[in-house]
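Take a look at the structure set out below.
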Amino acid sequence: MKKPYHRQYQYKKRKSIFRSSYFWFLMLLIIVACGFCYLIYLSPVFQIKNINISGNEKVNGEEAFNSISRRIENTFLLLPSKSIFLADLESMSKDFMQEFPQVRIVNLRKGLPDQIFVSIEERKPVAVFSQNRIILFDANQSKNQESLSVEELFYLDKEGTIFESISDKDDFVKITKSQTDTNYVLGDQVIDEKILSEIMEIDPKLKLDLKISIQDFDLQADDWLVVRAEDNWQMYFNPQEDVKWQLTKLKAVLEEKIPSEKRKDLEYIDLRFGNLAPYKYR
């Protein structure tokens with residue numbers, strides 16, 4: 001009787017992982033990667049130590065420094081880090097602009113290994129913006145609330161953005177928007193840049209060429225600008241149309257039809273439509 005056939009297997013002894021060149025190569029890569037991460041994210045070499053601020057005049061240097069300092073603090077693997085490689089300059093710039101509305105442009109630049117350079121361009125006032133804020137209060141501890149209208153004045157830059165509260169308009173052009181109930185805050189663009197440019201063109205022409213003293217400019221709509229003269233009459237302009245032509249019409253009607261002694265009785269001159277310049281007495 002035949003014996004059953006049994007196939008014999010030869011087992012090869014497994015090589016220890018510690019004797020594998022691949023293992024040690026992988027360990028070397030891990031060590032190098034950890035060392036590299038430590039160097040750039042946690043070591044003192046690349047921790048931000050200096051913040052250099054330039055270009056600021058009205059912006060307080062210490063406040064600007066503290067604002068940037070707060071935003072360079074990050075974490076890496078749950079560990080605190082001020083690494084220059086973790087600093088998000090774009091986000092820091094946006095936050096800085098919101099915190100300091102008087103800043104028009106801020107440029108942040110990294111200086112290896114441990115510096116941040118902050119270059120500031122501040123907004124320059126070209127006019128003053130006025131808004132009336134309604135304040136509600138309880139009078140004599142009664143249940144009925146009363147309201148009080150308070151005028152707020154702000155510096156306005158050439159882009160139509162308000163950036164600083166002030167108490168007096170000084171010699172600046174005063175601009176209002178009486179037809180809106182919006183309560184603007186610092187950093188808001190309250191007037192279109194092109195319309196503001198037209199206002200800044202109208203103002204010296206009225207004062208210097210036509211000798212008209214101006215009380216304020218009231219932008220009732222984008223195509224309706226009311227200019228109030230000091231002697232209590234008004235001029236209606238359309239800042240969306242040719243302002244030079246409207247000024248030419250104004251000069252002609254004042255010289256030919258409305259002598260200076262009659263202006264005290266004048267209510268308005270409307271310069272918005274074509275070749276017409278209708279006017280009305282009170």
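By order in the structure tokens, chains are A, B, ...; within a chain, residues start at 1; ligands start at 1, following the order shown.
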
Shell of 8 Å around Glu121 in chain A, only C-alpha atoms, local chain residues under 2 positions omitted, as a ChimeraX atom specification: /A:55-56,103-106,119,123

Would you list the contacts of Arg263 in chain A as an NGL selection string, taking every protein, DNA or RNA residue within 10 Å and counting only C-alpha atoms, but skipping same-chain residues closer than 6 positions in sequence? :A and (231-233 or 254 or 281)

Excluding Leu276 in chain A and any residue of its chain fewer than 4 positions from it, enumerate the residues within 10 Å of it, using only C-alpha atoms, and give them as JSON, numbers by chain. {"A": [246, 249, 250, 253, 269, 270, 271, 272]}

Deliver the residues from the most recent selection as a file, using N, CA and C atoms, as a JSON list (two decimals), in the first residue's frame.
```json
[["chain", "number", "residue", "atom", "x", "y", "z"],
["A", 246, "GLN", "N", -22.80, 123.16, -16.33],
["A", 246, "GLN", "CA", -23.75, 123.64, -15.33],
["A", 246, "GLN", "C", -23.21, 124.89, -14.62],
["A", 249, "LYS", "N", -23.71, 127.82, -17.02],
["A", 249, "LYS", "CA", -25.10, 128.29, -16.98],
["A", 249, "LYS", "C", -25.36, 129.13, -15.74],
["A", 250, "LEU", "N", -24.81, 128.67, -14.61],
["A", 250, "LEU", "CA", -25.00, 129.40, -13.36],
["A", 250, "LEU", "C", -24.41, 130.81, -13.47],
["A", 253, "VAL", "N", -26.69, 133.04, -15.76],
["A", 253, "VAL", "CA", -27.98, 133.46, -15.22],
["A", 253, "VAL", "C", -27.79, 134.46, -14.07],
["A", 269, "ILE", "N", -31.83, 127.93, -8.01],
["A", 269, "ILE", "CA", -31.55, 127.87, -9.45],
["A", 269, "ILE", "C", -31.30, 126.41, -9.78],
["A", 270, "ASP", "N", -32.04, 125.88, -10.75],
["A", 270, "ASP", "CA", -31.92, 124.47, -11.11],
["A", 270, "ASP", "C", -31.08, 124.34, -12.38],
["A", 271, "LEU", "N", -29.92, 123.71, -12.25],
["A", 271, "LEU", "CA", -28.95, 123.63, -13.36],
["A", 271, "LEU", "C", -28.85, 122.22, -13.95],
["A", 272, "ARG", "N", -29.77, 121.34, -13.61],
["A", 272, "ARG", "CA", -29.62, 119.93, -13.94],
["A", 272, "ARG", "C", -30.01, 119.55, -15.36]]
```

Please report, as a Markdown table, each residue of range 151-205 of chain A lying at most 9 Å from range 212-217 of chain A, together with the nearest pair of atoms and the separation in Å rounded to one decimal; use only C-alpha atoms, and order rows by chain and ascending residue number.
```
| residue | atom | partner | partner_atom | distance |
| --- | --- | --- | --- | --- |
| A:Val173 | CA | A:Asp216 | CA | 6.9 |
| A:Lys174 | CA | A:Asp216 | CA | 4.9 |
| A:Ile175 | CA | A:Phe217 | CA | 4.7 |
| A:Thr176 | CA | A:Phe217 | CA | 6.2 |
| A:Lys177 | CA | A:Phe217 | CA | 8.5 |
| A:Ile199 | CA | A:Phe217 | CA | 7.8 |
| A:Asp203 | CA | A:Ile214 | CA | 7.9 |
| A:Lys205 | CA | A:Ile212 | CA | 8.9 |
```

Would you list, as number ranges by chain, the residues of range 87-164 of chain A that end up in strand (DSSP E or B) under DSSP run on this structure's backbone? A: 103-111, 115-122, 127-138, 145-156, 161-164

Between CA of Thr161 in chain A and CA of Ser197 in chain A - distance in Å to one decimal: 12.8 Å

Between A:Asn74, A:Gln102, A:Asp114, A:Leu225, smallest distance to Pro44 in chain A by only C-alpha atoms belongs to A:Asp114

Range 25-226 of chain A: which residues are helix (DSSP H, G or I) by DSSP, as JSON, numbers by chain? {"A": [25, 26, 27, 28, 29, 30, 31, 32, 33, 34, 35, 36, 37, 38, 39, 40, 41, 42, 44, 45, 46, 61, 62, 63, 64, 65, 66, 67, 68, 69, 70, 71, 89, 90, 91, 92, 93, 94, 95, 96, 97, 98, 99, 139, 140, 141, 193, 194, 195, 196, 197, 198, 199, 200, 201, 202, 203, 204, 205, 206, 207, 208, 209]}

For the selection just defined, write its residues with C-alpha atoms to a file, as an mmCIF file, in the first residue's frame.
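Here's the written file again_8.cif:
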```cif
data_model
loop_
_atom_site.group_PDB
_atom_site.id
_atom_site.type_symbol
_atom_site.label_atom_id
_atom_site.label_comp_id
_atom_site.auth_asym_id
_atom_site.auth_seq_id
_atom_site.Cartn_x
_atom_site.Cartn_y
_atom_site.Cartn_z
ATOM 1 C CA PHE A 25 15.902 55.234 5.638
ATOM 2 C CA LEU A 26 12.301 55.933 6.676
ATOM 3 C CA MET A 27 13.396 56.719 10.240
ATOM 4 C CA LEU A 28 16.010 59.101 8.884
ATOM 5 C CA LEU A 29 13.355 60.888 6.807
ATOM 6 C CA ILE A 30 11.076 61.224 9.859
ATOM 7 C CA ILE A 31 13.915 62.588 11.987
ATOM 8 C CA VAL A 32 14.902 65.085 9.291
ATOM 9 C CA ALA A 33 11.244 66.174 8.818
ATOM 10 C CA CYS A 34 10.733 66.619 12.574
ATOM 11 C CA GLY A 35 13.966 68.552 12.847
ATOM 12 C CA PHE A 36 12.977 70.756 9.916
ATOM 13 C CA CYS A 37 9.517 71.445 11.403
ATOM 14 C CA TYR A 38 11.077 72.256 14.761
ATOM 15 C CA LEU A 39 13.572 74.591 13.127
ATOM 16 C CA ILE A 40 11.087 76.662 11.142
ATOM 17 C CA TYR A 41 8.064 76.552 13.465
ATOM 18 C CA LEU A 42 9.317 76.226 17.041
ATOM 19 C CA PRO A 44 13.968 80.617 18.436
ATOM 20 C CA VAL A 45 15.675 81.253 15.090
ATOM 21 C CA PHE A 46 12.475 82.061 13.180
ATOM 22 C CA GLY A 61 2.708 103.606 16.999
ATOM 23 C CA GLU A 62 2.282 101.604 20.194
ATOM 24 C CA GLU A 63 -1.300 100.674 19.346
ATOM 25 C CA ALA A 64 -0.236 99.608 15.847
ATOM 26 C CA PHE A 65 2.609 97.526 17.316
ATOM 27 C CA ASN A 66 0.259 95.816 19.793
ATOM 28 C CA SER A 67 -2.265 95.099 17.022
ATOM 29 C CA ILE A 68 0.339 93.285 14.917
ATOM 30 C CA SER A 69 1.828 91.545 17.974
ATOM 31 C CA ARG A 70 -1.528 89.964 18.833
ATOM 32 C CA ARG A 71 -1.834 88.553 15.341
ATOM 33 C CA LEU A 89 0.114 88.707 6.257
ATOM 34 C CA GLU A 90 -3.026 89.022 4.118
ATOM 35 C CA SER A 91 -5.334 88.293 7.041
ATOM 36 C CA MET A 92 -3.291 90.536 9.320
ATOM 37 C CA SER A 93 -3.582 93.404 6.816
ATOM 38 C CA LYS A 94 -7.383 93.098 6.616
ATOM 39 C CA ASP A 95 -7.745 93.033 10.406
ATOM 40 C CA PHE A 96 -5.383 96.000 10.771
ATOM 41 C CA MET A 97 -7.395 98.076 8.263
ATOM 42 C CA GLN A 98 -10.620 97.351 10.160
ATOM 43 C CA GLU A 99 -9.042 98.314 13.467
ATOM 44 C CA ALA A 139 -37.429 112.251 29.594
ATOM 45 C CA ASN A 140 -38.225 112.845 33.279
ATOM 46 C CA GLN A 141 -38.310 109.086 33.908
ATOM 47 C CA GLU A 193 -15.412 108.790 -5.442
ATOM 48 C CA LYS A 194 -16.460 110.334 -8.781
ATOM 49 C CA ILE A 195 -19.266 112.378 -7.198
ATOM 50 C CA LEU A 196 -16.898 113.625 -4.516
ATOM 51 C CA SER A 197 -14.458 114.658 -7.228
ATOM 52 C CA GLU A 198 -17.213 116.711 -8.900
ATOM 53 C CA ILE A 199 -18.066 118.401 -5.594
ATOM 54 C CA MET A 200 -14.422 119.306 -5.107
ATOM 55 C CA GLU A 201 -14.464 120.876 -8.584
ATOM 56 C CA ILE A 202 -17.665 122.864 -7.962
ATOM 57 C CA ASP A 203 -16.609 124.313 -4.603
ATOM 58 C CA PRO A 204 -13.658 126.533 -5.678
ATOM 59 C CA LYS A 205 -15.512 127.710 -8.782
ATOM 60 C CA LEU A 206 -18.379 129.000 -6.650
ATOM 61 C CA LYS A 207 -16.161 130.577 -4.009
ATOM 62 C CA LEU A 208 -13.392 132.050 -6.160
ATOM 63 C CA ASP A 209 -14.986 132.709 -9.554
#
```

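In terms of minimum interatomic distance to Ser165 in chain A, A:Ser130 ranks closest within A:Asn275, A:Ser54, A:Ser130, A:Asn60, counting only C-alpha atoms.
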
For Val126 in chain A, work out the shell of residues within 9 Å, counting only C-alpha atoms and skipping chain neighbours fewer than 4 positions away, then give it as a list in words. Tyr155, Leu156, Asp157, Lys158, Phe172, Val173 and Met200 of chain A

Could you save the residues just selected, with C-alpha atoms, as a compact mmCIF listing (two decimals), in the first residue's frame?
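Done, and the output landed in result.txt:
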```txt
# COMPACT_ATOMS: atom_id res chain seq x y z
CA TYR A 155 -13.12 113.63 7.99
CA LEU A 156 -13.68 112.37 4.45
CA ASP A 157 -10.83 111.21 2.19
CA LYS A 158 -10.65 111.45 -1.62
CA PHE A 172 -13.15 122.02 4.80
CA VAL A 173 -16.09 121.54 2.45
CA MET A 200 -14.42 119.31 -5.11
```
